Every structure is written in structure tokens, then in C-alpha cells.
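coords30.cif follows; it contains mmCIF, C-alpha atoms and all ligand atoms.
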```cif
data_coords
loop_
_atom_site.label_atom_id
_atom_site.label_comp_id
_atom_site.auth_asym_id
_atom_site.auth_seq_id
_atom_site.Cartn_x
_atom_site.Cartn_y
_atom_site.Cartn_z
CA MET U 241 29.09 109.85 -85.29
CA GLN U 242 32.04 109.02 -83.09
CA ILE U 243 34.79 111.65 -82.74
CA VAL U 244 38.28 110.32 -82.03
CA LEU U 245 41.02 112.78 -81.13
CA ALA U 246 44.63 111.61 -81.45
CA GLN U 247 46.32 111.61 -78.05
CA SER U 248 49.39 113.47 -79.28
CA ALA U 249 47.48 116.09 -81.34
CA GLY U 250 48.85 119.61 -80.97
CA PHE U 251 51.83 121.27 -79.32
CA CYS U 252 55.01 119.32 -78.71
CA PHE U 253 57.06 120.00 -75.58
CA GLY U 254 59.35 122.57 -77.22
CA VAL U 255 56.58 124.57 -78.88
CA LYS U 256 54.47 124.62 -75.73
CA ARG U 257 57.47 125.87 -73.80
CA ALA U 258 58.22 128.58 -76.40
CA VAL U 259 54.62 129.80 -76.47
CA ASN U 260 54.43 129.96 -72.67
CA MET U 261 57.72 131.85 -72.56
CA ALA U 262 56.44 134.32 -75.16
CA PHE U 263 53.19 135.10 -73.35
CA GLN U 264 55.11 135.44 -70.08
CA ALA U 265 57.65 137.77 -71.71
CA ALA U 266 54.85 139.90 -73.20
CA GLU U 267 53.47 140.43 -69.70
CA GLU U 268 56.80 141.67 -68.44
CA ASP U 269 57.98 143.63 -71.44
CA GLU U 270 56.16 145.97 -73.81
CA ASN U 271 58.84 146.29 -76.44
CA ILE U 272 59.36 142.80 -77.68
CA CYS U 273 59.60 140.92 -80.97
CA SER U 274 60.16 137.40 -82.22
CA LEU U 275 62.79 136.64 -84.82
CA GLY U 276 60.45 135.23 -87.48
CA PRO U 277 56.94 133.99 -86.63
CA LEU U 278 57.15 132.17 -83.28
CA ILE U 279 55.37 129.10 -84.65
CA HIS U 280 53.68 128.11 -87.91
CA SER U 281 50.20 129.00 -86.74
CA PRO U 282 48.92 132.29 -88.19
CA GLN U 283 46.16 132.35 -85.55
CA LEU U 284 48.62 132.13 -82.65
CA VAL U 285 50.99 134.65 -84.22
CA LYS U 286 48.03 137.05 -84.42
CA ARG U 287 47.26 136.53 -80.72
CA LEU U 288 50.87 137.21 -79.84
CA GLU U 289 50.73 140.40 -81.90
CA LEU U 290 47.72 141.51 -79.87
CA GLU U 291 49.85 140.93 -76.77
CA GLY U 292 52.48 143.25 -78.24
CA ILE U 293 54.90 140.74 -79.80
CA SER U 294 55.76 141.85 -83.31
CA VAL U 295 57.45 139.63 -85.89
CA ILE U 296 60.78 140.78 -87.27
CA ASN U 297 62.36 138.67 -89.99
CA ASP U 298 65.64 140.51 -90.39
CA ILE U 299 67.88 140.58 -87.33
CA ASN U 300 69.39 143.89 -88.51
CA ALA U 301 65.96 145.50 -88.18
CA VAL U 302 65.79 144.79 -84.43
CA ALA U 303 66.17 148.08 -82.60
CA ASP U 304 66.38 148.36 -78.86
CA GLN U 305 63.88 145.55 -78.29
CA SER U 306 63.74 142.31 -76.41
CA VAL U 307 64.03 139.37 -78.79
CA ILE U 308 62.38 135.97 -78.52
CA VAL U 309 64.34 133.16 -80.14
CA ARG U 310 62.10 130.48 -81.69
CA SER U 311 62.09 126.82 -80.67
CA HIS U 312 64.30 125.77 -83.60
CA GLY U 313 66.99 128.22 -82.55
CA ILE U 314 69.25 130.68 -84.35
CA THR U 315 72.82 130.61 -85.63
CA ARG U 316 75.82 131.27 -83.43
CA GLN U 317 76.52 134.41 -85.46
CA GLU U 318 73.00 135.70 -84.80
CA GLU U 319 73.43 134.92 -81.12
CA GLU U 320 76.68 136.89 -81.10
CA TYR U 321 74.99 139.78 -82.92
CA LEU U 322 72.25 140.01 -80.27
CA HIS U 323 74.84 139.84 -77.54
CA ALA U 324 77.08 142.49 -79.15
CA HIS U 325 74.10 144.86 -79.44
CA GLU U 326 73.21 144.20 -75.80
CA LEU U 327 69.69 143.17 -76.70
CA LYS U 328 67.65 141.30 -74.10
CA VAL U 329 67.07 137.74 -75.32
CA VAL U 330 64.29 135.36 -74.36
CA ASP U 331 65.79 132.11 -75.57
CA ALA U 332 62.97 129.70 -76.37
CA THR U 333 65.22 127.31 -78.31
CA CYS U 334 63.97 123.79 -77.59
CA PRO U 335 66.39 121.96 -75.27
CA PHE U 336 66.51 119.08 -77.79
CA VAL U 337 67.69 121.49 -80.49
CA LYS U 338 70.27 122.90 -78.08
CA LYS U 339 71.56 119.37 -77.57
CA ALA U 340 72.00 118.88 -81.33
CA GLN U 341 73.88 122.21 -81.52
CA LYS U 342 76.07 121.21 -78.60
CA TYR U 343 76.95 117.77 -79.97
CA ALA U 344 77.72 119.15 -83.44
CA GLY U 345 80.06 121.71 -81.83
CA LEU U 346 81.69 119.03 -79.70
CA LEU U 347 82.32 116.74 -82.68
CA GLY U 348 83.88 119.61 -84.63
CA ALA U 349 86.08 120.57 -81.69
CA GLU U 350 87.30 116.98 -81.40
CA GLY U 351 88.37 116.93 -85.04
CA TYR U 352 85.56 114.95 -86.64
CA SER U 353 84.12 115.83 -90.06
CA VAL U 354 80.57 116.57 -89.07
CA VAL U 355 77.55 115.37 -91.03
CA ILE U 356 74.10 116.73 -90.18
CA VAL U 357 71.16 114.72 -91.45
CA GLY U 358 68.48 117.22 -92.39
CA GLU U 359 67.18 119.87 -94.77
CA LYS U 360 69.96 122.30 -95.56
CA GLU U 361 67.82 125.45 -95.79
CA HIS U 362 65.92 124.81 -92.57
CA PRO U 363 66.75 127.39 -89.84
CA GLU U 364 67.30 124.62 -87.29
CA VAL U 365 69.93 122.99 -89.52
CA GLN U 366 71.53 126.37 -90.23
CA GLY U 367 71.74 126.85 -86.46
CA ILE U 368 73.28 123.41 -85.78
CA LEU U 369 75.73 123.91 -88.64
CA SER U 370 76.94 127.23 -87.23
CA TYR U 371 78.11 125.55 -84.05
CA VAL U 372 80.73 123.53 -85.91
CA GLN U 373 83.92 125.56 -85.89
CA ASP U 374 87.27 124.79 -87.49
CA ALA U 375 86.06 121.49 -88.90
CA GLU U 376 84.43 120.29 -92.10
CA VAL U 377 80.65 120.18 -91.93
CA PHE U 378 78.16 118.72 -94.41
CA VAL U 379 74.40 118.44 -94.60
CA ALA U 380 72.83 115.32 -96.07
CA ALA U 381 69.10 115.01 -96.66
CA ASP U 382 69.32 111.46 -98.03
CA VAL U 383 71.64 108.49 -98.64
CA GLU U 384 72.42 109.65 -102.20
CA THR U 385 73.79 112.93 -100.86
CA ALA U 386 75.69 111.14 -98.08
CA GLU U 387 77.40 108.97 -100.71
CA GLN U 388 78.90 112.06 -102.36
CA ILE U 389 80.38 113.66 -99.24
CA PRO U 390 84.21 113.89 -99.35
CA LEU U 391 84.77 112.35 -95.91
CA GLY U 392 87.77 112.38 -93.63
CA LYS U 393 88.68 109.27 -91.59
CA ARG U 394 86.80 110.32 -88.49
CA VAL U 395 83.17 111.19 -89.01
CA GLY U 396 80.64 112.58 -86.56
CA LEU U 397 76.90 112.40 -87.15
CA VAL U 398 73.93 114.30 -85.72
CA ALA U 399 70.38 114.85 -86.97
CA GLN U 400 67.89 117.65 -87.34
CA THR U 401 65.47 116.87 -84.51
CA THR U 402 62.48 116.20 -86.78
CA GLN U 403 64.22 113.66 -89.05
CA ALA U 404 62.76 110.19 -89.58
CA TYR U 405 64.78 107.54 -87.76
CA GLU U 406 64.88 105.31 -90.88
CA ASN U 407 66.58 108.02 -92.95
CA PHE U 408 69.06 108.76 -90.16
CA SER U 409 70.00 105.11 -89.71
CA SER U 410 70.36 104.50 -93.49
CA ILE U 411 72.74 107.45 -93.73
CA ALA U 412 74.63 106.22 -90.65
CA LEU U 413 75.09 102.82 -92.32
CA LYS U 414 76.32 104.41 -95.53
CA LEU U 415 78.86 106.54 -93.62
CA LEU U 416 80.01 103.51 -91.66
CA GLU U 417 80.92 101.82 -94.94
CA ARG U 418 82.97 104.85 -95.90
CA SER U 419 84.86 105.76 -92.71
CA LYS U 420 87.29 104.33 -90.14
CA GLU U 421 85.57 105.89 -87.19
CA LEU U 422 81.97 106.99 -86.91
CA ARG U 423 80.62 108.74 -83.83
CA ILE U 424 76.87 109.12 -83.73
CA PHE U 425 74.64 111.28 -81.55
CA ASN U 426 71.03 110.42 -82.10
CA THR U 427 69.49 113.87 -81.73
CA ILE U 428 66.10 112.95 -83.19
CA CYS U 429 63.19 114.02 -81.03
CA ASP U 430 60.38 111.46 -81.11
CA ALA U 431 57.55 114.06 -81.01
CA THR U 432 57.32 113.91 -84.80
CA SER U 433 57.29 110.12 -85.19
CA VAL U 434 54.82 109.69 -82.31
CA ARG U 435 52.37 112.06 -84.07
CA GLN U 436 52.89 110.40 -87.44
CA ASN U 437 52.45 106.84 -86.16
CA GLU U 438 49.33 107.78 -84.27
CA ALA U 439 47.93 109.58 -87.33
CA ARG U 440 48.58 106.48 -89.47
CA GLU U 441 46.69 104.22 -87.06
CA LEU U 442 43.81 106.63 -86.67
CA ALA U 443 43.44 107.31 -90.41
CA ALA U 444 43.14 103.56 -91.02
CA ALA U 445 40.40 103.19 -88.42
CA VAL U 446 38.02 106.07 -89.27
CA ASP U 447 35.87 107.18 -92.25
CA VAL U 448 36.99 110.82 -92.31
CA MET U 449 40.19 112.36 -91.05
CA LEU U 450 40.69 116.01 -90.11
CA VAL U 451 44.24 117.34 -89.83
CA ILE U 452 44.40 120.74 -88.13
CA GLY U 453 47.28 123.17 -88.49
CA GLY U 454 48.84 126.06 -90.38
CA TYR U 455 49.08 125.69 -94.15
CA ASN U 456 52.64 126.97 -93.69
CA SER U 457 53.43 124.25 -91.14
CA ALA U 458 55.68 121.56 -92.65
CA ASN U 459 54.87 119.00 -89.96
CA THR U 460 51.10 119.51 -90.39
CA ASN U 461 51.40 119.16 -94.16
CA ARG U 462 53.33 115.94 -93.65
CA LEU U 463 50.66 114.60 -91.29
CA ALA U 464 47.98 115.45 -93.89
CA ARG U 465 49.95 113.66 -96.59
CA ILE U 466 50.41 110.55 -94.44
CA CYS U 467 46.70 110.45 -93.60
CA ARG U 468 45.61 111.04 -97.20
CA GLU U 469 47.68 108.06 -98.37
CA ILE U 470 45.68 105.84 -96.01
CA GLN U 471 42.33 107.63 -95.93
CA SER U 472 41.28 109.53 -99.06
CA ASN U 473 38.64 111.40 -97.01
CA THR U 474 41.29 113.54 -95.35
CA TYR U 475 40.85 117.31 -94.93
CA HIS U 476 43.61 119.70 -93.88
CA ILE U 477 42.07 122.71 -92.14
CA GLU U 478 43.43 125.66 -90.18
CA THR U 479 40.30 126.45 -88.18
CA ALA U 480 36.79 125.12 -87.44
CA ASP U 481 35.27 127.69 -89.85
CA GLU U 482 36.54 125.67 -92.81
CA ILE U 483 34.57 122.56 -91.88
CA SER U 484 31.74 121.64 -94.25
CA VAL U 485 28.77 119.69 -92.87
CA SER U 486 28.60 117.65 -96.09
CA TRP U 487 31.92 115.94 -95.27
CA PHE U 488 30.14 113.89 -92.60
CA ASP U 489 27.07 112.57 -94.48
CA GLY U 490 26.64 108.92 -93.46
CA ILE U 491 29.96 108.92 -91.58
CA GLU U 492 30.32 106.76 -88.47
CA GLN U 493 33.76 107.76 -87.22
CA VAL U 494 35.83 110.90 -87.66
CA GLY U 495 39.45 111.12 -86.56
CA ILE U 496 41.26 114.33 -85.63
CA THR U 497 44.95 115.05 -85.41
CA ALA U 498 46.90 118.30 -85.36
CA GLY U 499 50.44 119.46 -86.04
CA ALA U 500 52.97 120.21 -83.31
CA SER U 501 52.34 123.94 -83.74
CA THR U 502 48.53 123.85 -83.53
CA PRO U 503 47.14 125.59 -80.43
CA GLU U 504 44.78 123.66 -78.17
CA TRP U 505 42.00 126.23 -78.46
CA ILE U 506 41.80 125.66 -82.23
CA ILE U 507 41.56 121.88 -81.72
CA ARG U 508 38.83 122.42 -79.12
CA GLU U 509 36.82 124.61 -81.52
CA VAL U 510 36.96 121.85 -84.13
CA VAL U 511 35.73 119.24 -81.63
CA VAL U 512 32.90 121.54 -80.51
CA LYS U 513 31.83 122.12 -84.11
CA LEU U 514 31.80 118.38 -84.83
CA GLU U 515 29.75 117.76 -81.70
CA LYS U 516 27.17 120.26 -82.99
CA ILE U 517 27.12 118.59 -86.42
CA ARG U 518 26.40 115.15 -85.00
CA LYS U 519 23.38 116.37 -82.95
FE1 LIG U 601 61.54 120.35 -79.57
FE2 LIG U 601 60.93 118.06 -80.64
FE3 LIG U 601 59.17 119.98 -80.60
S1 LIG U 601 62.85 119.13 -80.84
S2 LIG U 601 60.39 121.83 -80.70
S3 LIG U 601 60.01 118.93 -78.81
S4 LIG U 601 59.53 118.55 -82.25
#
```
As C-alpha cells - that is how I would like this structure written.
Ligand code: F3S
Amino acid sequence: MQIVLAQSAGFCFGVKRAVNMAFQAAEEDENICSLGPLIHSPQLVKRLELEGISVINDINAVADQSVIVRSHGITRQEEEYLHAHELKVVDATCPFVKKAQKYAGLLGAEGYSVVIVGEKEHPEVQGILSYVQDAEVFVAADVETAEQIPLGKRVGLVAQTTQAYENFSSIALKLLERSKELRIFNTICDATSVRQNEARELAAAVDVMLVIGGYNSANTNRLARICREIQSNTYHIETADEISVSWFDGIEQVGITAGASTPEWIIREVVVKLEKIRK
């Protein structure tokens, strides 16, 4: 049985950076917490807890602690709160997310009505939105929503970093039809599309596909869905323990991919287990 691991499987740049920053901070500081789970990997969150990093979901519950900000960032108001309470902040916001926040703020300051393409409830979008001051700001998840927005003449557009380019460009086209001036910052990060395209190719070439990552990880769930559409023998697992030997009866090729928040050690354990199965 041949085992093929997707090149892009696992941590993206921003998550890797955040995790490294967290472990480093835990070495230097004993009283530290992350605002929400650092990433959507229960196994990694547990390891961080063992290093002394607790998870606090409510910013008001932070007391005299250092605070790690997750890769998708926080709102401007939360930032101000941490600052006002003189709490030490380890800012692990991904630089690509920072860029989206900055451009949204800039568009608002220059008098554009700002449209953010993304999921309204997502913390990253809430963060980007909070940087728009004294200007109208809207969130559109799809073209239908974009059609309903009461636009001004000058419209500025940014995207949640994990958006699909096709959705972003369709919304941009729709807004172009409806405005006199449209200023676009393409703030999409290609980590997501690179993983998805690779998963598509791999799922089409193998007999079984394993997708590794937290069940609470949206990007892993999306990868599993994409693979399942192409390869019905697709299994979403969190760890190697969930693998069943029977999945590989008579199988010639197995493909593996993993979400952007799946630690490398978990991927390695899966590969090792598969190597044992094929012996
Ligand atoms: Fe950053 Fe892109 Fe990952 S925005 S957190 S590198 S998906």
C-alpha cells in the first residue's frame, strides 16, 4: 500500500507562528492564558494547558495575566480593554489578518462604505469589522447578500482571509455594477485554497483518503467534505487511534491531508500507524 501525504498538510504560516509564540511565552511566563482555544486542535490545546496556558473565553474573566491573542485576532474594543487594564499581550494575530484589519480601517477613514466578504459571526470578521470607524460597514457572505446592501457611491471591499477567491470576485463584480467607485483589497490568504486544491487532486488519485484535524475545525471539515465528494472512502479523524485496519483491505493507495490547525506530531503518528498496517 502506497501512502501519499499532501505537501501542504498541517499548519499554515499564521498558525505555526501563533503556536511557536505560545510555547515561547509559556517558557517565559507562568501566569498566562489564551483568549479562546489557541487553535482548533483539542490535542494541542491540551499540550498548551500542560505548559501552563489556560483558556479563557470571556475577556472580563482575565485577571492579572498575560494574554495570548489568537491568529484570527480580536476586536479593537478588546484590544483597548487589554491595554486599559495594563495586561501583557502576546499578539499572535496572523500578519495577513492584520493587513485585512488595516485596509478595512483605511477604507473607512477615507470615506468608503466598507464591505467585508466573510462569515459575520466569525471572530476574524468581527475583528476586521471593528477597525472600521465612522463609516458604514457591511458583511456579505454571498452575492445574494451583497445585492441587498444599501450602498453609498464609493465602496471599499476586503475579504476574510479564508474566503474562496471565486466568491470574493463574484461579490466584487456585483458591487461594481452597483457603485461609481469600487476600491478592492484582496486580503485572501492562499493557504486555504492551496490545501483544498491539493486535497482535490489527491482524493481523485487514491483509493482511501484520510483527513486529519479537530472535529471543531471548520477548515478541516471543509477539506473532508471536498474529499468525500470526490472519494467516498474518505475518513475524517482527529488522531491515529481512530484508524481501523479494515479501511485498508485490498487498498493500493491511501492519501493523507490535514487541516491548517493540525499539529505535525499528529500527522506523523497517522503515517507511522499506516506504515505498520501495510507490513
Ligand atoms: Fe494566516 Fe492564512 Fe493561516 S491568514 S492564520 S496564514 S490561513
### Query
Got a sec to check which residues lie within 7 Å of ligand LIG 601 (chain U), using all atoms listed in the file, and send them as a ChimeraX atom specification?
/U:252-255,311-312,334-337,401-402,429-432,500
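Look at Asn456 (chain U): the protein and nucleic acid residues within 12 Å of it, using only C-alpha atoms and passing over chain neighbours fewer than 5 places away, are Pro277, Ile279, His280, Ser281, Pro282, Gln283, Asn461, Arg462, His476, Ile477, Glu478, Gly499, Ser501 and Thr502 of chain U.
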### Query
Suppose you want the space between CA of Gly358 (chain U) and CA of Ile411 (chain U); what is it in Å?
10.7 Å
### Query
What does the distance from CA of Tyr343 (chain U) to CA of Arg423 (chain U) come to in Å, to one decimal?
10.5 Å
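Among the candidate residues U:Leu369, U:Cys273, U:Ala375, U:Ala386, the one lying nearest to Glu350 (chain U) is U:Ala375, with distances computed using all atoms listed in the file.
One finds CA of Glu438 (chain U) at 14.6 Å from CA of Phe251 (chain U).
Once Tyr371 (chain U) and its same-chain neighbours fewer than 6 positions away are set aside, Gly313, Ile314, Thr315, Arg316, Gln317, Glu318, Glu319, Glu320, Val337, Lys338, Lys339, Ala340, Gln341, Lys342, Tyr343, Ala344, Gly345, Leu346, Leu347, Gly348, Ala349, Val354, Ile356, Glu364, Val365 and Val377 of chain U remain within 12 Å of it when counting all atoms listed in the file.
If all atoms listed in the file are the atoms counted, then among U:Glu406, U:Glu509, U:Leu422, U:Ala381 the closest residue to Arg394 (chain U) is U:Leu422.
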### Task
Neighbourhood query: residues within 12 Å of (78.8, 107.8, -97.7), file coordinates, counting only C-alpha atoms; return as a PyMOL selection string.
chain U and resi 355+378-380+382-393+395+397+410-420+422
#### Entry: From U:Ala443, U:Ala404, U:Val485, U:Ile452, residue lying nearest Ser472 (chain U) [only C-alpha atoms]
U:Ala443
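Proximity ranking of U:Ile428, U:Ile272, U:Val494, U:Ile243 relative to Ala399 (chain U) places U:Ile428 first, based on only C-alpha atoms.
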Axis-aligned box for region 496-502 of chain U, 8 Å per side, centre and edges in Å as AutoDock Vina command-line options:
```
--center_x 47.1 --center_y 119.1 --center_z -84.7 --size_x 27.7 --size_y 25.6 --size_z 18.7
```
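Proximity ranking of U:Leu288, U:Ala266, U:Leu450, U:Leu463 relative to Phe488 (chain U) places U:Leu450 first, based on all atoms listed in the file.
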### Message
For Ser248 (chain U), find every residue with an atom within 8 Å (counting all atoms listed in the file), except residues of its own chain fewer than 3 positions away, and show them as a ChimeraX atom specification.
### Response
/U:434-435,438,497
